[in-house]
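Note: the block below is query-v8.json and it holds JSON, C-alpha atoms.
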[["chain", "number", "residue", "atom", "x", "y", "z"],
["A", 4, "MET", "CA", 88.98, 219.34, -80.31],
["A", 5, "ASN", "CA", 91.47, 221.43, -82.19],
["A", 6, "PRO", "CA", 94.95, 221.88, -80.70],
["A", 7, "VAL", "CA", 95.72, 225.31, -79.31],
["A", 8, "ALA", "CA", 98.60, 227.48, -80.55],
["A", 9, "THR", "CA", 100.38, 224.62, -82.27],
["A", 10, "PRO", "CA", 103.08, 226.67, -84.05],
["A", 11, "PHE", "CA", 104.04, 228.46, -80.85],
["A", 12, "PHE", "CA", 104.56, 225.25, -78.90],
["A", 13, "PHE", "CA", 106.36, 223.63, -81.82],
["A", 14, "TYR", "CA", 108.89, 226.46, -81.98],
["A", 15, "LEU", "CA", 109.23, 226.60, -78.19],
["A", 16, "LEU", "CA", 109.90, 222.86, -77.83],
["A", 17, "SER", "CA", 112.22, 222.80, -80.84],
["A", 18, "ALA", "CA", 114.22, 225.71, -79.49],
["A", 19, "ILE", "CA", 114.53, 224.04, -76.10],
["A", 20, "ALA", "CA", 115.62, 220.76, -77.71],
["A", 21, "VAL", "CA", 118.22, 222.32, -80.00],
["A", 22, "ILE", "CA", 119.68, 224.72, -77.42],
["A", 23, "SER", "CA", 120.06, 222.05, -74.75],
["A", 24, "ALA", "CA", 121.56, 219.70, -77.35],
["A", 25, "LEU", "CA", 124.17, 222.38, -77.98],
["A", 26, "VAL", "CA", 124.75, 222.61, -74.22],
["A", 27, "VAL", "CA", 125.31, 218.81, -74.20],
["A", 28, "ILE", "CA", 128.25, 219.01, -76.56],
["A", 29, "LEU", "CA", 129.70, 222.30, -75.27],
["A", 30, "LYS", "CA", 129.76, 221.88, -71.48],
["A", 31, "LYS", "CA", 132.91, 220.81, -69.73],
["A", 32, "ASN", "CA", 131.32, 218.96, -66.84],
["A", 33, "PRO", "CA", 129.69, 215.67, -67.98],
["A", 34, "VAL", "CA", 127.01, 215.92, -65.29],
["A", 35, "HIS", "CA", 125.84, 219.23, -66.78],
["A", 36, "SER", "CA", 125.81, 217.57, -70.18],
["A", 37, "ALA", "CA", 123.65, 214.75, -68.83],
["A", 38, "MET", "CA", 121.17, 217.24, -67.34],
["A", 39, "ALA", "CA", 120.97, 219.12, -70.64],
["A", 40, "LEU", "CA", 120.42, 215.82, -72.45],
["A", 41, "ILE", "CA", 117.49, 215.07, -70.14],
["A", 42, "VAL", "CA", 115.97, 218.46, -71.09],
["A", 43, "THR", "CA", 116.41, 217.61, -74.78],
["A", 44, "LEU", "CA", 114.71, 214.24, -74.29],
["A", 45, "LEU", "CA", 111.78, 215.81, -72.46],
["A", 46, "ALA", "CA", 111.34, 218.45, -75.18],
["A", 47, "LEU", "CA", 111.35, 215.67, -77.77],
["A", 48, "ALA", "CA", 108.65, 213.88, -75.76],
["A", 49, "GLY", "CA", 106.59, 217.07, -76.08],
["A", 50, "LEU", "CA", 107.16, 217.06, -79.84],
["A", 51, "TYR", "CA", 105.96, 213.43, -79.97],
["A", 52, "LEU", "CA", 102.79, 214.51, -78.18],
["A", 53, "MET", "CA", 102.27, 217.18, -80.83],
["A", 54, "LEU", "CA", 102.66, 214.46, -83.48],
["A", 55, "TYR", "CA", 99.79, 212.46, -81.91],
["A", 56, "ALA", "CA", 102.12, 209.77, -80.55],
["A", 57, "PRO", "CA", 101.38, 209.77, -76.80],
["A", 58, "PHE", "CA", 102.64, 206.22, -76.23],
["A", 59, "MET", "CA", 105.95, 207.08, -77.85],
["A", 60, "ALA", "CA", 106.16, 210.18, -75.63],
["A", 61, "GLY", "CA", 105.61, 208.02, -72.55],
["A", 62, "VAL", "CA", 108.26, 205.54, -73.67],
["A", 63, "GLN", "CA", 110.62, 208.43, -74.29],
["A", 64, "ILE", "CA", 110.19, 209.76, -70.76],
["A", 65, "VAL", "CA", 110.23, 206.40, -68.96],
["A", 66, "VAL", "CA", 112.97, 204.61, -70.87],
["A", 67, "TYR", "CA", 115.22, 207.46, -71.97],
["A", 68, "ALA", "CA", 114.94, 210.15, -69.33],
["A", 69, "GLY", "CA", 114.28, 207.61, -66.58],
["A", 70, "GLY", "CA", 116.41, 204.63, -67.54],
["A", 71, "ILE", "CA", 119.26, 205.41, -69.88],
["A", 72, "MET", "CA", 120.12, 208.73, -68.28],
["A", 73, "VAL", "CA", 120.31, 207.14, -64.83],
["A", 74, "LEU", "CA", 122.75, 204.63, -66.32],
["A", 75, "PHE", "CA", 124.83, 207.51, -67.67],
["A", 76, "LEU", "CA", 124.85, 209.32, -64.34],
["A", 77, "ILE", "CA", 125.87, 206.16, -62.47],
["A", 78, "VAL", "CA", 128.79, 205.64, -64.85],
["A", 79, "ILE", "CA", 129.83, 209.29, -64.48],
["A", 80, "MET", "CA", 129.82, 208.68, -60.73],
["A", 81, "LEU", "CA", 131.89, 205.47, -61.05],
["A", 82, "VAL", "CA", 134.47, 206.91, -63.42],
["A", 83, "ASN", "CA", 136.64, 209.57, -61.90],
["A", 84, "LEU", "CA", 136.36, 212.51, -64.27],
["A", 85, "GLU", "CA", 137.94, 215.31, -62.29],
["A", 86, "GLU", "CA", 141.18, 214.91, -64.14],
["A", 87, "ALA", "CA", 139.46, 215.00, -67.51],
["A", 88, "GLU", "CA", 137.76, 218.27, -66.59],
["A", 89, "LEU", "CA", 141.07, 220.05, -66.43],
["A", 90, "GLN", "CA", 142.08, 218.92, -69.89],
["A", 91, "ASP", "CA", 141.05, 220.17, -73.29],
["A", 92, "ARG", "CA", 137.42, 219.48, -74.18],
["A", 93, "PHE", "CA", 137.86, 219.09, -77.92],
["A", 94, "ASN", "CA", 140.36, 217.07, -79.90],
["A", 95, "LYS", "CA", 142.91, 218.54, -82.27],
["A", 96, "MET", "CA", 140.83, 218.08, -85.42],
["A", 97, "TRP", "CA", 137.76, 219.86, -84.10],
["A", 98, "HIS", "CA", 137.59, 222.54, -86.76],
["A", 99, "VAL", "CA", 137.73, 219.99, -89.60],
["A", 100, "ALA", "CA", 135.09, 217.88, -87.87],
["A", 101, "THR", "CA", 132.82, 220.89, -87.33],
["A", 102, "ALA", "CA", 133.17, 221.94, -90.96],
["A", 103, "ALA", "CA", 132.33, 218.41, -92.13],
["A", 104, "GLY", "CA", 129.29, 218.28, -89.84],
["A", 105, "LEU", "CA", 128.04, 221.65, -91.02],
["A", 106, "ALA", "CA", 128.54, 220.58, -94.64],
["A", 107, "LEU", "CA", 126.40, 217.52, -93.97],
["A", 108, "GLY", "CA", 123.80, 219.78, -92.36],
["A", 109, "GLY", "CA", 123.82, 222.06, -95.40],
["A", 110, "LEU", "CA", 123.30, 219.04, -97.63],
["A", 111, "LEU", "CA", 120.33, 217.89, -95.53],
["A", 112, "LEU", "CA", 118.76, 221.37, -95.59],
["A", 113, "PHE", "CA", 119.27, 221.56, -99.36],
["A", 114, "VAL", "CA", 117.53, 218.21, -99.85],
["A", 115, "TYR", "CA", 114.64, 219.24, -97.59],
["A", 116, "TYR", "CA", 114.33, 222.58, -99.37],
["A", 117, "ARG", "CA", 114.26, 221.02, -102.84],
["A", 118, "GLY", "CA", 112.04, 218.11, -101.84],
["A", 119, "ALA", "CA", 109.70, 219.94, -99.47],
["A", 120, "ARG", "CA", 106.66, 219.30, -101.64],
["A", 121, "LEU", "CA", 107.35, 215.55, -101.66],
["A", 122, "PHE", "CA", 106.28, 215.34, -98.02],
["A", 123, "PRO", "CA", 102.53, 215.70, -97.65],
["A", 124, "ASP", "CA", 101.75, 217.97, -94.74],
["A", 125, "ALA", "CA", 99.07, 216.39, -92.61],
["A", 126, "GLY", "CA", 97.70, 212.91, -92.57],
["A", 127, "PRO", "CA", 94.71, 211.35, -90.90],
["A", 128, "ALA", "CA", 95.77, 211.06, -87.27],
["A", 129, "LEU", "CA", 94.23, 208.61, -84.85],
["A", 130, "PRO", "CA", 92.68, 210.17, -81.78],
["A", 131, "GLU", "CA", 94.98, 210.10, -78.77],
["A", 132, "ASN", "CA", 92.97, 207.53, -76.85],
["A", 133, "GLN", "CA", 93.39, 204.93, -79.61],
["A", 134, "ASN", "CA", 97.09, 205.35, -80.30],
["A", 135, "THR", "CA", 98.32, 202.93, -77.65],
["A", 136, "GLN", "CA", 95.92, 200.20, -78.73],
["A", 137, "ALA", "CA", 96.84, 200.62, -82.37],
["A", 138, "VAL", "CA", 100.57, 200.52, -81.61],
["A", 139, "GLY", "CA", 100.11, 197.44, -79.43],
["A", 140, "ILE", "CA", 98.14, 195.59, -82.08],
["A", 141, "MET", "CA", 100.75, 196.44, -84.70],
["A", 142, "LEU", "CA", 103.59, 195.41, -82.37],
["A", 143, "TYR", "CA", 102.06, 192.01, -81.57],
["A", 144, "ARG", "CA", 100.63, 191.28, -85.01],
["A", 145, "ASN", "CA", 102.82, 192.75, -87.78],
["A", 146, "TYR", "CA", 106.07, 192.98, -85.84],
["A", 147, "MET", "CA", 105.90, 189.85, -83.68],
["A", 148, "LEU", "CA", 109.26, 188.38, -84.75],
["A", 149, "PRO", "CA", 111.25, 191.64, -84.49],
["A", 150, "PHE", "CA", 109.70, 192.16, -81.06],
["A", 151, "GLU", "CA", 110.99, 188.79, -79.83],
["A", 152, "ILE", "CA", 114.37, 189.38, -81.44],
["A", 153, "ALA", "CA", 114.57, 192.69, -79.57],
["A", 154, "SER", "CA", 114.19, 190.80, -76.29],
["A", 155, "ILE", "CA", 117.12, 188.54, -77.28],
["A", 156, "LEU", "CA", 119.12, 191.65, -78.15],
["A", 157, "LEU", "CA", 118.45, 193.12, -74.71],
["A", 158, "LEU", "CA", 119.45, 189.84, -73.04],
["A", 159, "VAL", "CA", 122.72, 189.78, -74.98],
["A", 160, "ALA", "CA", 123.34, 193.41, -74.03],
["A", 161, "ILE", "CA", 122.76, 192.68, -70.35],
["A", 162, "VAL", "CA", 125.15, 189.72, -70.40],
["A", 163, "GLY", "CA", 127.72, 191.70, -72.39],
["A", 164, "ALA", "CA", 127.59, 194.68, -70.05],
["A", 165, "VAL", "CA", 127.99, 192.45, -66.98],
["A", 166, "VAL", "CA", 130.90, 190.56, -68.53],
["A", 167, "MET", "CA", 132.68, 193.73, -69.55],
["A", 168, "ALA", "CA", 132.20, 195.54, -66.28],
["A", 169, "LYS", "CA", 133.32, 192.54, -64.18],
["A", 170, "LYS", "CA", 136.84, 192.57, -62.82],
["A", 171, "ARG", "CA", 137.55, 188.90, -63.56],
["A", 172, "VAL", "CA", 135.47, 186.80, -65.91],
["B", 23, "MET", "CA", 100.18, 231.75, -88.36],
["B", 24, "LEU", "CA", 102.23, 229.38, -90.47],
["B", 25, "GLU", "CA", 101.06, 225.78, -90.43],
["B", 26, "ILE", "CA", 103.54, 223.25, -89.03],
["B", 27, "GLY", "CA", 104.19, 220.50, -91.57],
["B", 28, "THR", "CA", 106.36, 217.45, -91.81],
["B", 29, "THR", "CA", 109.29, 219.45, -93.17],
["B", 30, "HIS", "CA", 109.49, 221.51, -89.98],
["B", 31, "TYR", "CA", 109.99, 218.37, -87.91],
["B", 32, "LEU", "CA", 112.54, 217.08, -90.41],
["B", 33, "VAL", "CA", 114.55, 220.30, -90.07],
["B", 34, "VAL", "CA", 114.55, 220.07, -86.27],
["B", 35, "ALA", "CA", 115.64, 216.43, -86.49],
["B", 36, "ALA", "CA", 118.40, 217.40, -88.92],
["B", 37, "MET", "CA", 119.67, 220.04, -86.50],
["B", 38, "LEU", "CA", 119.77, 217.55, -83.63],
["B", 39, "PHE", "CA", 121.48, 215.01, -85.88],
["B", 40, "ILE", "CA", 124.18, 217.48, -86.93],
["B", 41, "ILE", "CA", 124.77, 218.54, -83.33],
["B", 42, "GLY", "CA", 125.18, 214.89, -82.41],
["B", 43, "VAL", "CA", 127.58, 214.23, -85.28],
["B", 44, "ILE", "CA", 129.71, 217.23, -84.35],
["B", 45, "GLY", "CA", 129.72, 216.07, -80.73],
["B", 46, "VAL", "CA", 130.89, 212.58, -81.72],
["B", 47, "LEU", "CA", 133.62, 213.97, -83.94],
["B", 48, "THR", "CA", 134.98, 216.73, -81.72],
["B", 49, "ARG", "CA", 134.71, 215.77, -78.06],
["B", 50, "ARG", "CA", 137.42, 213.81, -76.26],
["B", 51, "ASN", "CA", 135.37, 212.51, -73.35],
["B", 52, "VAL", "CA", 133.87, 209.08, -74.10],
["B", 53, "VAL", "CA", 130.81, 209.72, -71.91],
["B", 54, "ILE", "CA", 129.91, 212.83, -73.95],
["B", 55, "ILE", "CA", 130.46, 210.88, -77.17],
["B", 56, "LEU", "CA", 127.95, 208.26, -76.01],
["B", 57, "MET", "CA", 125.51, 211.07, -75.16],
["B", 58, "SER", "CA", 125.98, 212.48, -78.65],
["B", 59, "ILE", "CA", 125.12, 209.06, -80.08],
["B", 60, "GLU", "CA", 121.91, 209.23, -78.06],
["B", 61, "LEU", "CA", 121.22, 212.62, -79.65],
["B", 62, "ILE", "CA", 121.65, 211.09, -83.11],
["B", 63, "LEU", "CA", 119.29, 208.22, -82.29],
["B", 64, "ASN", "CA", 116.73, 210.68, -80.99],
["B", 65, "ALA", "CA", 116.92, 212.73, -84.18],
["B", 66, "VAL", "CA", 116.18, 209.57, -86.17],
["B", 67, "ASN", "CA", 113.30, 208.78, -83.82],
["B", 68, "LEU", "CA", 111.80, 212.22, -84.40],
["B", 69, "ASN", "CA", 112.01, 211.63, -88.16],
["B", 70, "LEU", "CA", 110.30, 208.25, -87.84],
["B", 71, "VAL", "CA", 107.48, 209.57, -85.65],
["B", 72, "ALA", "CA", 106.98, 212.57, -87.96],
["B", 73, "PHE", "CA", 106.64, 210.26, -90.95],
["B", 74, "SER", "CA", 104.42, 207.82, -89.09],
["B", 75, "ARG", "CA", 101.80, 210.58, -88.95],
["B", 76, "LEU", "CA", 101.54, 210.13, -92.72],
["B", 77, "TYR", "CA", 101.93, 206.36, -92.99],
["B", 78, "ASP", "CA", 99.93, 204.39, -90.50],
["B", 79, "LEU", "CA", 101.99, 204.04, -87.28],
["B", 80, "HIS", "CA", 104.78, 201.85, -88.67],
["B", 81, "GLY", "CA", 107.23, 204.62, -87.80],
["B", 82, "GLN", "CA", 106.20, 204.65, -84.15],
["B", 83, "VAL", "CA", 106.80, 200.89, -83.85],
["B", 84, "PHE", "CA", 110.22, 201.32, -85.42],
["B", 85, "ALA", "CA", 110.96, 204.21, -83.08],
["B", 86, "MET", "CA", 110.22, 201.91, -80.19],
["B", 87, "PHE", "CA", 112.67, 199.33, -81.52],
["B", 88, "ILE", "CA", 115.26, 202.09, -81.77],
["B", 89, "VAL", "CA", 114.67, 202.98, -78.12],
["B", 90, "ALA", "CA", 115.32, 199.33, -77.15],
["B", 91, "ASP", "CA", 118.42, 199.41, -79.32],
["B", 92, "ALA", "CA", 119.63, 202.62, -77.69],
["B", 93, "ALA", "CA", 119.25, 201.05, -74.25],
["B", 94, "ALA", "CA", 121.31, 198.04, -75.32],
["B", 95, "GLU", "CA", 123.93, 200.24, -76.94],
["B", 96, "ALA", "CA", 124.23, 202.48, -73.88],
["B", 97, "ALA", "CA", 124.62, 199.48, -71.56],
["B", 98, "VAL", "CA", 127.32, 197.84, -73.67],
["B", 99, "GLY", "CA", 129.10, 201.13, -74.42],
["B", 100, "LEU", "CA", 129.26, 202.13, -70.78],
["B", 101, "GLY", "CA", 130.45, 198.61, -69.87],
["B", 102, "ILE", "CA", 133.29, 198.98, -72.37],
["B", 103, "LEU", "CA", 134.04, 202.41, -70.90],
["B", 104, "ILE", "CA", 134.30, 201.01, -67.37],
["B", 105, "ALA", "CA", 136.53, 198.14, -68.54],
["B", 106, "PHE", "CA", 138.76, 200.61, -70.39],
["B", 107, "PHE", "CA", 138.92, 203.02, -67.48],
["B", 108, "ARG", "CA", 140.04, 200.17, -65.22],
["B", 109, "ASN", "CA", 142.95, 199.41, -67.55],
["B", 110, "ARG", "CA", 144.14, 202.85, -68.61],
["B", 111, "GLU", "CA", 142.81, 205.33, -66.01],
["B", 112, "THR", "CA", 141.52, 207.69, -68.68],
["B", 113, "VAL", "CA", 138.27, 208.52, -70.47],
["B", 114, "ASN", "CA", 139.78, 210.41, -73.38],
["B", 115, "MET", "CA", 138.96, 209.07, -76.79],
["B", 116, "ASP", "CA", 142.28, 210.00, -78.38],
["B", 117, "GLU", "CA", 144.15, 207.93, -75.82],
["B", 118, "VAL", "CA", 142.23, 204.82, -76.84],
["B", 119, "ASP", "CA", 144.89, 203.33, -79.08],
["B", 120, "LEU", "CA", 145.11, 199.69, -78.02],
["B", 121, "LEU", "CA", 144.31, 198.50, -81.53],
["B", 122, "ARG", "CA", 146.51, 201.04, -83.30],
["B", 123, "TRP", "CA", 149.40, 199.47, -85.17]]

Could the structure of this file be written out as structure tokens, please?
Amino acid sequence: MNPVATPFFFYLLSAIAVISALVVILKKNPVHSAMALIVTLLALAGLYLMLYAPFMAGVQIVVYAGGIMVLFLIVIMLVNLEEAELQDRFNKMWHVATAAGLALGGLLLFVYYRGARLFPDAGPALPENQNTQAVGIMLYRNYMLPFEIASILLLVAIVGAVVMAKKRV
Amino acid sequence: MLEIGTTHYLVVAAMLFIIGVIGVLTRRNVVIILMSIELILNAVNLNLVAFSRLYDLHGQVFAMFIVADAAAEAAVGLGILIAFFRNRETVNMDEVDLLRW
């Protein structure tokens, strides 16, 4: 079955993602920033669906919007930020930093413009109901060792976070 | 209507990446800086998934590793933030100068 109105949904989701990303870095209240970041993550999950990656979209929603953002909100709750809200949002060098960032963006756009024909447009995509199986097979066959190393990384991160957040070690 | 190709996704990812970089460089609040790092990681993920449409799912597996990495980084970063807030009673990045000579 052919997808319906693909360009429209692509532009809609991209606009939502970019605008709420701007809200993330412009808002004064960190809770508003966190909400806008959740909207960005959900829009990106929609873009993953359009790229025929439904498992990645599910991981995005469950792990990012459901896990990491809850962690952020809990820390915002623990850390008293009312004082920070009254102060200046941006540091003193913000105009230099913005100019440098925009220069980097211009460089990226230039490269994409010059090299646009290097990227082939559409490839053979697996049907949606086989994506998860294919990813699982690849994860447990080709990427077995990195997968196990990732579990060690997560264990180290858990221990490190507990040690750093403890009052006395 | 215009067909959506890989380059379109790359441009969206570049925009998110630049927004994240500007957020890291300009904001003073450490929590927002960590959120901007998440934006950068998500831009890279979008690139990887867009390319994995062309090259046989390797990009999606890598994107998943990056998600695991982002979770670890957020946990450790927020732990450091809590430890720092306990010592200095601030969350401003430009007041983090314990290692400055």

Nearby residues (all atoms listed in the file) at most 10 Å from Ser74 (chain B), same-chain spacing under 5 positions excluded, as a count of residues only: 14

For CA of Ala106 (chain A) and CA of Pro123 (chain A), the interatomic separation in Å (one decimal):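 Computing it gives 26.6 Å between the two atoms.
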
Between CA of Leu158 (chain A) and CA of Ala96 (chain B) - distance in Å to one decimal: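 Computing the Euclidean distance for CA of Ala96 (chain B) and CA of Leu158 (chain A) yields 13.5 Å.
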
Surrounding residues of Arg49 (chain B) excluding itself and chain neighbours under 4 positions, 10 Å, only C-alpha atoms, as a ChimeraX atom specification: /A:28-29,31,91-97 /B:44-45,53-55,58,114-116

Exercise on region 43-56 of chain A, axis-aligned box with 4 Å per side, report centre and edge lengths in Å to one decimal, as lines of an AutoDock Vina configuration file:
center_x = 108.1
center_y = 214.1
center_z = -78.0
size_x = 24.6
size_y = 16.7
size_z = 19.0

Point-to-point distance in Å for CA of Ala153 (chain A) and CA of Leu56 (chain B):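 It comes out at 20.8 Å.
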
Residue hits in chain B, query chain A, radius 7 Å, only C-alpha atoms, as number ranges by chain: B: 25-29, 34, 36, 38, 40-41, 43-45, 47-50, 54, 72, 75-76, 79, 82-83, 93-94, 97-98, 100-102, 104-105

May I have the selected residues written with C-alpha atoms, as a tab-separated table (two decimals), in the frame of the given file?
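File produced: part-v5.tsv:
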chain	number	residue	atom	x	y	z
B	25	GLU	CA	101.06	225.78	-90.43
B	26	ILE	CA	103.54	223.25	-89.03
B	27	GLY	CA	104.19	220.50	-91.57
B	28	THR	CA	106.36	217.45	-91.81
B	29	THR	CA	109.29	219.45	-93.17
B	34	VAL	CA	114.55	220.07	-86.27
B	36	ALA	CA	118.40	217.40	-88.92
B	38	LEU	CA	119.77	217.55	-83.63
B	40	ILE	CA	124.18	217.48	-86.93
B	41	ILE	CA	124.77	218.54	-83.33
B	43	VAL	CA	127.58	214.23	-85.28
B	44	ILE	CA	129.71	217.23	-84.35
B	45	GLY	CA	129.72	216.07	-80.73
B	47	LEU	CA	133.62	213.97	-83.94
B	48	THR	CA	134.98	216.73	-81.72
B	49	ARG	CA	134.71	215.77	-78.06
B	50	ARG	CA	137.42	213.81	-76.26
B	54	ILE	CA	129.91	212.83	-73.95
B	72	ALA	CA	106.98	212.57	-87.96
B	75	ARG	CA	101.80	210.58	-88.95
B	76	LEU	CA	101.54	210.13	-92.72
B	79	LEU	CA	101.99	204.04	-87.28
B	82	GLN	CA	106.20	204.65	-84.15
B	83	VAL	CA	106.80	200.89	-83.85
B	93	ALA	CA	119.25	201.05	-74.25
B	94	ALA	CA	121.31	198.04	-75.32
B	97	ALA	CA	124.62	199.48	-71.56
B	98	VAL	CA	127.32	197.84	-73.67
B	100	LEU	CA	129.26	202.13	-70.78
B	101	GLY	CA	130.45	198.61	-69.87
B	102	ILE	CA	133.29	198.98	-72.37
B	104	ILE	CA	134.30	201.01	-67.37
B	105	ALA	CA	136.53	198.14	-68.54

Nearest candidate to Asn64 (chain B) (options A:Met38, A:Leu16, A:Val73, A:Leu45; using all atoms listed in the file): A:Leu45

Val113 (chain B) surroundings by all atoms listed in the file, 7 Å radius, close-in-sequence under 6 positions cut, as a ChimeraX atom specification: /B:51-52,107
